[in-house]
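A.B. asks: Mind having a look at this structure? Questions to follow.
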Amino acid sequence: MRCRKCGERAVINMRHHKLALCGEHYVEWFAAQTERAIEKYAMFSREERVLVAVSGGKDSLALWDVLLRLGYQADGLYIALGINAPIPYSDVSLEKAQKFVANGNWRVTKEDALPAPRPTLHVVDIAATYGKTIPEIARAKMRGQGRPCAACGLTKRYVMNRLALEQGYAVLATGHNLDDEIAVLFQNTLHWQMGYLARQAPVLPASREGLVKKVKPLCRFYERETATYALVRGIDYIYDECPHATGNLTNFYKTLLNQLETESPGAKLSFYLEFLRARDEGAFEAFNRTEELHACEVCGQPTSAPGRCAFCRMWDVSR
Amino acid sequence: MRITYRDKQYETKPNITARDAIKKIGLNPEAVLVVVNGKLVTDDVVLREGDEVKLVAVVSGG
Ligand code: SF4
Ligand SMILES: [Zn+2]
Ligand SMILES: [Zn+2]
């Protein structure tokens, strides 16, 4: 397979776009597509400060890299979850995030552009800040039942939102790719979760005070495309998944949808884009209720029920 | 010919495309990238005896 632009050997063949590209032209294409998504969905401008949620994995580091190369003011936030058994997942992923900043590869902007200023990596250590690691709080609160993912997700969302607001960032950007999005879409469709469907979008506006705007600039890339970008750019990312992710439902749906894609190239892309079109046309509008929010009596962040928010209740934070 | 995937080794016969080899060892071509002799390639590449073939899972990170 040859690159459509220059005839060199291709590193990727995207059947759904009928497009094969070499490494150099792929990196160019990826950046241009990212820029288009940022503009199309009015995510942020070059004047605004962006906080990238960095996990040390391929998607978040690819996102940070491409934003810096495009000249956006992007800093990173790494949340140390304390998940280090049976593999040192958290320690290794933090190392990858730190290495990304230190090695300065992101400096390579366009030949004529000035090198980007050094980005900041904020690190929030959950155990140091709140007294327990994620597995510890999950054991304490859920009596050791099931995965720590509920406690983990709640904590990450809270910490990301809070840090973004405290540090004055205009948006929080996450590395969700199209496969992540359609796995959730598939699950919500299976159960016809209309409220969830109404709220699934490339941009979640800062609908009220206390909630930062959230964006997903990579949401139209297949997972293999973000992985290819990371490999071609020489990004050293954590290859292992979180040990609690193995065998989860999301990965099962991803496998199913990849089987569909193999039989019918482009099926994943149209599943997502047609959903967004239906959503834009108002198909889920009636289910997009804006519930009344209250300020948490401890931390002040928005919460659906009066009193302490879910985060403060779980972590037993009181005044 | 030897193929490495997630610390495991698989044997296939040479002179088949990477795509066929991936299917033969029970993986989905959508879910892996192919690295031959250290270079990322498309899966229509024909694998030869002596090639060092590594499959990279695209699902990773959280
Ligand atoms: S798999 Fe679960 S525990 Fe691991 S990072 Fe994701 S949400 Fe947290
Ligand atoms: Zn080319
Ligand atoms: Zn609170």
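Following the order of the structure tokens, chains are lettered A, B, ..., residues in each are numbered from 1, and ligands are numbered from 1.
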Need to verify the contact set: A:Ala138, 10 Å, only C-alpha atoms, exclusion of same-chain residues closer than 3 positions in sequence. Can you return it as a list in words?
C.D. replies: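 The contact residues come out as Lys132, Thr133, Ile134, Pro135, Lys141, Met142, Arg143, Gly144, Gln145, Gly146, Arg147, Pro148, Cys149, Ala150, Ala151, Cys152 and Met314 of chain A.
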A.B. asks: Pick out the residues sitting within 9 Å of stretch 21-31 of chain A, and hand them over as a list in words; count only C-alpha atoms, and ignore anything fewer than 5 positions along from it in its own chain.
C.D. replies: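 Surrounding residues, per the criterion: Met1, Arg2, Cys3, Arg4, Lys5, Cys6, Gly7, Glu8, Arg9, Ala10, Val11, Ile12, Asn13, Met14, Arg36, Val66, Leu67, Arg69, Leu70, Phe221, Glu225, Thr226, Thr228, Tyr229, Val232 and Arg233 of chain A; Leu40 of chain B.
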A.B. asks: Please determine, counting only C-alpha atoms, which residue among A:Asp236, A:Asp179, A:Glu292, A:Glu297 has the shortest atom-to-atom distance to B:Glu30.
C.D. replies: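 Distance minimum relative to B:Glu30 lands on A:Asp179.
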A.B. asks: Compare B:Val41, B:Leu47, B:Val35, B:Leu55 by their minimum atom-to-atom distance to chain A, counting only C-alpha atoms, and give me the closest one.
C.D. replies: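 Closest residue, counting only C-alpha atoms: B:Val41.
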A.B. asks: Please provide the set of residues having any atom within 9 Å of stretch 25-28 of chain B, restricted to only C-alpha atoms, with same-chain residues fewer than 3 positions apart removed, written as a ChimeraX atom specification.
C.D. replies: /A:255,258-259,262 /B:10-12,19-22,31-32
A.B. asks: Can you pull out every residue within 6 Å of B:Thr17, counting only C-alpha atoms, but drop anything in the same chain fewer than 4 positions away, and send it as a VMD selection string?
C.D. replies: chain B and resid 44 to 47
A.B. asks: Taking only C-alpha atoms into account, which of A:Thr34, A:Asn84, A:Ser90, A:Gln193 comes nearest chain B?
C.D. replies: A:Ser90
A.B. asks: Residues contacting ligand 3 - anything with an atom at most 12 Å away, using only C-alpha atoms and all ligand atoms - can you give me those as a ChimeraX atom specification?
C.D. replies: /A:154-155,158-159,161-162,210,294-319
A.B. asks: May I ask for the distance between atom CA of A:Ser270 and atom CA of A:Lys58, given in Å to one decimal place?
C.D. replies: 23.8 Å
A.B. asks: Mind giving me the straight-line distance from atom CA of A:Arg199 to atom CA of A:Asn288 in Å, one decimal?
C.D. replies: 6.8 Å
A.B. asks: Would you work out the distance separating atom CA of A:Arg49 from atom CA of A:Pro205, expressed in Å to one decimal?
C.D. replies: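 Taking atom CA of A:Arg49 and atom CA of A:Pro205, their separation equals 15.6 Å.
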A.B. asks: Using only C-alpha atoms, which of A:Glu274, A:Glu281, A:Glu39, A:Asp240 sits nearest chain B?
C.D. replies: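 Among the listed residues, A:Asp240 lies closest to chain B.
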A.B. asks: Have a look at A:Val184, A:Leu204, A:Ala20, A:Ile87 and name the one nearest to chain B; count only C-alpha atoms.
C.D. replies: A:Ala20
A.B. asks: Considering only alpha helix (DSSP H) as DSSP defines it on the backbone, what residues of stretch 94-159 of chain A qualify? List them as an MDAnalysis selection string.
C.D. replies: chainID A and resid 94:103 126:130 134:142 149:159
A.B. asks: Any chance you could list, as a list in words, the residues in stretch 83-283 of chain A that come up strand (DSSP E) when DSSP is run on the backbone?
C.D. replies: Leu121, His122, Val123, Val124, Asp125, Val171, Leu172, Ala173, Val203, Leu204, Lys213, Lys214 and Val215 of chain A
A.B. asks: My list of candidates is A:Ala62, A:Met43, A:Ala80, A:Ala173. Which is closest to ligand 1 when distances are computed with only C-alpha atoms and all ligand atoms?
C.D. replies: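 So, comparing all the options, the nearest one is A:Ala80.
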